[in-house]
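Down below is the structure, laid out as structure tokens.
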Amino acid sequence: MSTAVKLSDSTPVVFDLANASLRELNVALQGLDGLGQSAWSILNPRGAHALAVGITAAVSLSIEGHVGYYCAGMNDGASITITGNAGPGVAENMMSGLVHVLGDASQAAGATAHGGLLIIEGNASGRCGISMKGIDIVVKGSVGHMSAFMAQSGNFVILGDAGEALGDCLYEARIFVRGEVASLGADCEEKAMTEEDRIILRNLLKKSGAKAEPAEFKRYGSARRLYHFHVDNAGAY
Amino acid sequence: MCGIVGLFLKNRALEAELGQLTSAMLTVMTDRGPDSAGFAIYGKGVPGHVKMTLRGPPDYDFAELAAALGAGCTVHDDHAVFSLPEGNAAALRAAVASRPELGIVATGTRMELFKGVGLPEHVSKRFGLEKMSGTHAIGHTRMATESAVTTNGAHPFSTGPDQCLVHNGSLSNHNDVRRRLMRQRMVFETQNDTEVAAGFLSWKLREGASLSEALGSALDTLDGFFTFVVGTETGFGVLRDPVSCKPAVMAETEDYVAFGSEYRALADLPGIAKAHFFEPKPAKVYLWEHAA
């Protein structure tokens, strides 16, 4: 590929989106087998949509700037750093790997994701972790309204505050919040922090480089009143 | 889906570039709204004069009408901006009323409003947006979901002097609100939901509410999805519905406040690398205004 320049074994492949199309980049990234070209630097993303989606190799990418919708979607094994802000749906449906946003993330970050770790250094807006299915998410700032809506499994750590209706219609994800929660959604409640919770939380704080102690957090989870219809719970539906 | 852009200048040195910057932002939002586009731009006013933007058939002789009324007239394709003393405004309205081929797009002291069917880039070029200057502008690229793809259905909508509104989303109770506003003598040109939102705000302002209060009561009255950007003589406001499905990102520097449906629309603004970025919060009224 003429636009991807590999300088030497120790330097990353530099791909400049000012000179080549997004499709060329995604085709190249989706064809990687993890045996060569293991580090990539992507220049001039300029808010492009669907950047670096569907990678299945354990490569590392640094995207230098702001990205648009669905960046790093369906990631399965790659370590992807976004140096700027991310648009809606960053790391949506991630299966494994790491997505690290150095700025803020827009709506629905980590939506429906099954695995891997999403770290957001700044804030995330509404619906962060919506329908998460096993991903770990660490947001070092605050999250917007309806975060962890219908979250099913995985761990969600929020170092700042959470917006309205946190964990609405929650299944079994664990939510840890250090700051204030504007309001809890239907069937989400504060729970006692168990030793297992503390180990998970400490591990995620360490992995994400967050300077905080588990004791500073409250733990939220499902009250399990919405799992089955029960007439005594009618008021909660 | 639709695209919205807005640019409010703090640094007067950029005023000559406002049209060029807005045009570029609008073009980037083409894939969010390729069927029609429009913009409102707030340029210089003349004390004691009103500005009226008229629309007519292609090649209409606006100059003849202007001469007959002693008005200044600048033609932009099938739109023309008339400038005339306040006392002559009624005569122009009467002249337009007697010519069914003409319509008044907008009135005010500073606002000029242009819209049409076609790709945003073509719409901007037709009206010469790149060469326009002013203190602030808002623009819209439309992908129609409510009402037909026509010039009348394009945004911005103006229902009051120097007031206009663009909208990304759709309202579900617009028929009911329109009926109630018509009983308050508000006039509507289309079956479009956004025109109802614009009419609601203009009605509130007419009744004495501030723009902030009017936007606040829109949260109680309007049901549906919306990201609104509202232009007034002195600035612009932003409001998102409580669920805020429709995207919005803002960038602020010492020189300007900019709005985009996506970051892409802001990427080429001067000094954007050092801008402060944020997303407007749900159900919160934001206003940026110059001292009147």
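Ligands are numbered from 1 in the order shown, chains are lettered A, B, ... in the order of the structure tokens, and residues start at 1 in each chain.
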What are the closest atom pairs, with distances in Å to one decimal, for each residue of chain A lying within 9 Å of chain B, using only C-alpha atoms, rows by chain and rising residue number, as CSV?
```
residue,atom,partner,partner_atom,distance
A:Arg46,CA,B:Arg264,CA,6.1
A:Gly47,CA,B:Arg264,CA,4.9
A:Ala48,CA,B:Arg264,CA,7.1
A:His66,CA,B:Tyr263,CA,7.7
A:Val67,CA,B:Tyr263,CA,8.0
A:Gly68,CA,B:Tyr263,CA,7.1
A:Tyr69,CA,B:Glu262,CA,8.9
A:Asn85,CA,B:Phe277,CA,8.7
A:Gly87,CA,B:Glu262,CA,7.7
A:Pro88,CA,B:Pro247,CA,8.1
A:Asp104,CA,B:Phe278,CA,8.4
A:Ser106,CA,B:Glu279,CA,7.7
A:Gln107,CA,B:Pro247,CA,8.2
A:Ser125,CA,B:Glu279,CA,7.6
A:Gly126,CA,B:Ser244,CA,8.0
A:Gly144,CA,B:Lys281,CA,8.2
A:His145,CA,B:Val243,CA,8.0
A:Met146,CA,B:Val243,CA,8.6
```
Would you put the residues from that selection into a file with C-alpha atoms, as an mmCIF file, in the first residue's frame?
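Below is the file part.cif, written as the result:
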```cif
data_model
loop_
_atom_site.group_PDB
_atom_site.id
_atom_site.type_symbol
_atom_site.label_atom_id
_atom_site.label_comp_id
_atom_site.auth_asym_id
_atom_site.auth_seq_id
_atom_site.Cartn_x
_atom_site.Cartn_y
_atom_site.Cartn_z
ATOM 1 C CA ARG A 46 -10.779 14.857 11.380
ATOM 2 C CA GLY A 47 -13.878 13.356 12.962
ATOM 3 C CA ALA A 48 -14.240 10.550 10.410
ATOM 4 C CA HIS A 66 -10.671 13.653 17.132
ATOM 5 C CA VAL A 67 -12.826 10.835 15.729
ATOM 6 C CA GLY A 68 -16.502 10.605 14.734
ATOM 7 C CA TYR A 69 -19.125 7.894 15.139
ATOM 8 C CA ASN A 85 -12.315 13.304 21.599
ATOM 9 C CA GLY A 87 -17.912 10.797 18.715
ATOM 10 C CA PRO A 88 -20.962 8.642 19.481
ATOM 11 C CA ASP A 104 -14.000 13.161 26.070
ATOM 12 C CA SER A 106 -19.840 11.381 23.154
ATOM 13 C CA GLN A 107 -22.995 9.338 23.636
ATOM 14 C CA SER A 125 -21.975 11.942 27.721
ATOM 15 C CA GLY A 126 -25.341 10.173 27.857
ATOM 16 C CA GLY A 144 -24.219 11.731 31.318
ATOM 17 C CA HIS A 145 -27.825 10.637 31.671
ATOM 18 C CA MET A 146 -29.085 7.065 31.216
#
```
Taking the DSSP assignment computed from this structure's backbone, write out as a PyMOL selection string all residues of range 48-100 of chain B that belong to helix (DSSP H, G or I).
chain B and resi 62-69+86-97
Store the residues picked out above in a file with all heavy atoms, as a short mmCIF file (atom, residue, chain, number, x, y, z; two decimals), in the first residue's frame.
```cif
data_model
loop_
_atom_site.label_atom_id
_atom_site.label_comp_id
_atom_site.auth_asym_id
_atom_site.auth_seq_id
_atom_site.Cartn_x
_atom_site.Cartn_y
_atom_site.Cartn_z
N PHE B 62 -36.85 41.93 -9.04
CA PHE B 62 -37.01 42.55 -7.72
C PHE B 62 -36.68 44.04 -7.77
O PHE B 62 -37.23 44.83 -7.02
CB PHE B 62 -36.08 41.87 -6.70
CG PHE B 62 -36.50 40.47 -6.30
CD1 PHE B 62 -35.80 39.36 -6.75
CD2 PHE B 62 -37.58 40.27 -5.45
CE1 PHE B 62 -36.17 38.08 -6.37
CE2 PHE B 62 -37.96 38.99 -5.07
CZ PHE B 62 -37.25 37.89 -5.54
N ALA B 63 -35.73 44.41 -8.65
CA ALA B 63 -35.26 45.80 -8.68
C ALA B 63 -36.40 46.75 -9.02
O ALA B 63 -36.48 47.86 -8.47
CB ALA B 63 -34.13 45.93 -9.69
N GLU B 64 -37.27 46.31 -9.89
CA GLU B 64 -38.39 47.15 -10.28
C GLU B 64 -39.30 47.43 -9.08
O GLU B 64 -39.72 48.57 -8.84
CB GLU B 64 -39.18 46.46 -11.41
CG GLU B 64 -40.25 47.34 -12.01
CD GLU B 64 -41.11 46.59 -13.00
OE1 GLU B 64 -41.18 45.34 -12.92
OE2 GLU B 64 -41.73 47.25 -13.85
N LEU B 65 -39.56 46.36 -8.32
CA LEU B 65 -40.40 46.51 -7.13
C LEU B 65 -39.72 47.43 -6.11
O LEU B 65 -40.36 48.31 -5.51
CB LEU B 65 -40.66 45.13 -6.51
CG LEU B 65 -41.43 45.08 -5.19
CD1 LEU B 65 -42.84 45.66 -5.35
CD2 LEU B 65 -41.52 43.65 -4.66
N ALA B 66 -38.41 47.24 -5.93
CA ALA B 66 -37.67 48.06 -4.97
C ALA B 66 -37.71 49.53 -5.37
O ALA B 66 -37.92 50.41 -4.53
CB ALA B 66 -36.22 47.57 -4.88
N ALA B 67 -37.53 49.79 -6.65
CA ALA B 67 -37.54 51.17 -7.14
C ALA B 67 -38.89 51.83 -6.89
O ALA B 67 -38.97 52.99 -6.46
CB ALA B 67 -37.19 51.19 -8.63
N ALA B 68 -39.94 51.03 -7.10
CA ALA B 68 -41.29 51.58 -6.92
C ALA B 68 -41.53 51.97 -5.47
O ALA B 68 -42.31 52.89 -5.18
CB ALA B 68 -42.32 50.56 -7.38
N LEU B 69 -40.85 51.27 -4.54
CA LEU B 69 -41.08 51.52 -3.10
C LEU B 69 -39.96 52.36 -2.49
O LEU B 69 -39.99 52.63 -1.29
CB LEU B 69 -41.17 50.19 -2.35
CG LEU B 69 -42.40 49.32 -2.66
CD1 LEU B 69 -42.19 47.91 -2.17
CD2 LEU B 69 -43.64 49.93 -2.04
N GLU B 86 -38.61 51.95 8.30
CA GLU B 86 -39.68 51.21 8.99
C GLU B 86 -41.07 51.60 8.50
O GLU B 86 -41.95 50.76 8.36
CB GLU B 86 -39.59 51.47 10.50
CG GLU B 86 -38.62 50.58 11.22
CD GLU B 86 -38.37 51.03 12.65
OE1 GLU B 86 -39.26 51.69 13.23
OE2 GLU B 86 -37.28 50.73 13.18
N GLY B 87 -41.24 52.90 8.24
CA GLY B 87 -42.56 53.39 7.84
C GLY B 87 -43.03 52.82 6.51
O GLY B 87 -44.24 52.82 6.22
N ASN B 88 -42.10 52.33 5.67
CA ASN B 88 -42.49 51.80 4.37
C ASN B 88 -42.71 50.29 4.36
O ASN B 88 -43.04 49.71 3.32
CB ASN B 88 -41.41 52.13 3.32
CG ASN B 88 -41.27 53.62 3.10
OD1 ASN B 88 -42.04 54.40 3.67
ND2 ASN B 88 -40.29 54.03 2.32
N ALA B 89 -42.49 49.66 5.53
CA ALA B 89 -42.59 48.20 5.58
C ALA B 89 -43.99 47.73 5.21
O ALA B 89 -44.15 46.72 4.49
CB ALA B 89 -42.19 47.69 6.96
N ALA B 90 -44.99 48.47 5.68
CA ALA B 90 -46.37 48.06 5.40
C ALA B 90 -46.65 48.09 3.90
O ALA B 90 -47.34 47.20 3.36
CB ALA B 90 -47.35 48.97 6.14
N ALA B 91 -46.07 49.07 3.22
CA ALA B 91 -46.27 49.16 1.76
C ALA B 91 -45.65 47.96 1.06
O ALA B 91 -46.23 47.41 0.11
CB ALA B 91 -45.66 50.46 1.24
N LEU B 92 -44.47 47.52 1.53
CA LEU B 92 -43.85 46.35 0.92
C LEU B 92 -44.67 45.09 1.20
O LEU B 92 -44.87 44.26 0.31
CB LEU B 92 -42.41 46.19 1.43
CG LEU B 92 -41.63 44.98 0.89
CD1 LEU B 92 -41.60 44.96 -0.63
CD2 LEU B 92 -40.21 44.95 1.44
N ARG B 93 -45.15 44.98 2.43
CA ARG B 93 -46.01 43.82 2.75
C ARG B 93 -47.23 43.78 1.84
O ARG B 93 -47.62 42.71 1.34
CB ARG B 93 -46.47 43.88 4.21
CG ARG B 93 -45.40 43.52 5.21
CD ARG B 93 -45.96 43.57 6.63
NE ARG B 93 -44.88 43.49 7.60
CZ ARG B 93 -44.26 42.36 7.93
NH1 ARG B 93 -44.65 41.22 7.37
NH2 ARG B 93 -43.27 42.36 8.78
N ALA B 94 -47.83 44.97 1.63
CA ALA B 94 -49.02 45.03 0.78
C ALA B 94 -48.66 44.66 -0.66
O ALA B 94 -49.41 43.93 -1.34
CB ALA B 94 -49.62 46.44 0.84
N ALA B 95 -47.49 45.13 -1.12
CA ALA B 95 -47.06 44.82 -2.48
C ALA B 95 -46.86 43.32 -2.65
O ALA B 95 -47.23 42.73 -3.67
CB ALA B 95 -45.77 45.58 -2.80
N VAL B 96 -46.26 42.68 -1.61
CA VAL B 96 -46.03 41.23 -1.68
C VAL B 96 -47.37 40.50 -1.66
O VAL B 96 -47.59 39.54 -2.42
CB VAL B 96 -45.12 40.77 -0.53
CG1 VAL B 96 -45.05 39.25 -0.47
CG2 VAL B 96 -43.72 41.36 -0.68
N ALA B 97 -48.27 40.98 -0.80
CA ALA B 97 -49.58 40.32 -0.69
C ALA B 97 -50.33 40.36 -2.02
O ALA B 97 -51.10 39.44 -2.33
CB ALA B 97 -50.40 40.99 0.42
#
```
Pick out the residues sitting within 9 Å of Ser133 in chain B, and hand them over as a list in words; count only C-alpha atoms, and ignore anything fewer than 4 positions along from it in its own chain.
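Surrounding residues, per the criterion: Leu14, Glu15, Ala16, Glu17, Leu18, Gly19, Gln20, Ile41, Tyr42, Gly43, Lys44 and Leu129 of chain B.
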Just list as a PyMOL selection string whatever in range 69-207 of chain B DSSP marks as strand (DSSP E).
chain B and resi 72-76+79-85+103-108+111-117+136-142+157-160+163-171
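Using only C-alpha atoms, the protein and nucleic acid residues lying no more than 6 Å from Ala173 in chain A, apart from those fewer than 3 places from it along its own chain, are Ala151, Gln152, Ser153, Gly154 and Asn155 of chain A.
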Requested write-out: C-alpha atoms of the selected residues, as an mmCIF file, in the first residue's frame:
```
data_model
loop_
_atom_site.group_PDB
_atom_site.id
_atom_site.type_symbol
_atom_site.label_atom_id
_atom_site.label_comp_id
_atom_site.auth_asym_id
_atom_site.auth_seq_id
_atom_site.Cartn_x
_atom_site.Cartn_y
_atom_site.Cartn_z
ATOM 1 C CA ALA A 151 -26.482 -3.085 31.269
ATOM 2 C CA GLN A 152 -26.218 -6.858 31.416
ATOM 3 C CA SER A 153 -22.740 -7.709 32.643
ATOM 4 C CA GLY A 154 -19.290 -6.220 33.054
ATOM 5 C CA ASN A 155 -17.898 -3.523 35.313
#
```
Residues within 9 Å of Ala37 in chain B, please, as number ranges by chain. Count only C-alpha atoms; anything in the same chain fewer than 2 positions from it doesn't count.
B: 26, 30, 33-35, 39, 114-121, 123-124, 139-142, 151, 154-156
Using only C-alpha atoms, which of A:Phe156, A:Phe149, A:Tyr220, A:Tyr70 sits nearest Leu51 in chain A?
A:Tyr70
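Neighbours of Met95 in chain A closer than or equal to 7 Å, with only C-alpha atoms counted and sequence neighbours fewer than 4 positions away skipped, come out as A:Met74, A:Asn75, A:Asp76, A:Ala113, A:His114, A:Gly115, A:Gly116.
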CA of Ala275 in chain B to CA of Ile130 in chain A, distance in Å rounded to a single decimal
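Between CA of Ala275 in chain B and CA of Ile130 in chain A the gap works out to 28.9 Å.
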If we count only C-alpha atoms and set the cut-off at 6 Å, which residues sit around range 172-177 of chain B, ignoring sequence neighbours fewer than 6 positions away in its own chain? Please answer as a compact mmCIF listing (two decimals) with N, CA and C atoms, in the first residue's frame.
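result_31.txt, freshly written:
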```
# COMPACT_ATOMS: atom_id res chain seq x y z
N ASP B 193 -43.19 20.31 11.30
CA ASP B 193 -43.11 20.34 12.77
C ASP B 193 -42.20 21.46 13.29
N ASP B 223 -43.20 17.98 22.48
CA ASP B 223 -42.91 16.58 22.75
C ASP B 223 -42.19 15.99 21.53
N GLY B 224 -41.10 15.34 21.75
CA GLY B 224 -40.38 14.72 20.63
C GLY B 224 -38.90 14.88 20.79
```
Can you work out which one of A:Ala91, A:Val99, A:Ala212, A:Ile55 has the shortest atom-to-atom distance to Cys128 in chain A, counting only C-alpha atoms?
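Residue with the minimum atom-to-atom distance to Cys128 in chain A: A:Ala91.
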Just to confirm, what's the straight-line distance from CA of Leu17 in chain A to CA of Ala50 in chain A in Å (one decimal)?
13.0 Å
Can you measure CA of Val14 in chain A to CA of Leu43 in chain A for me? One decimal in Å is fine.
7.4 Å
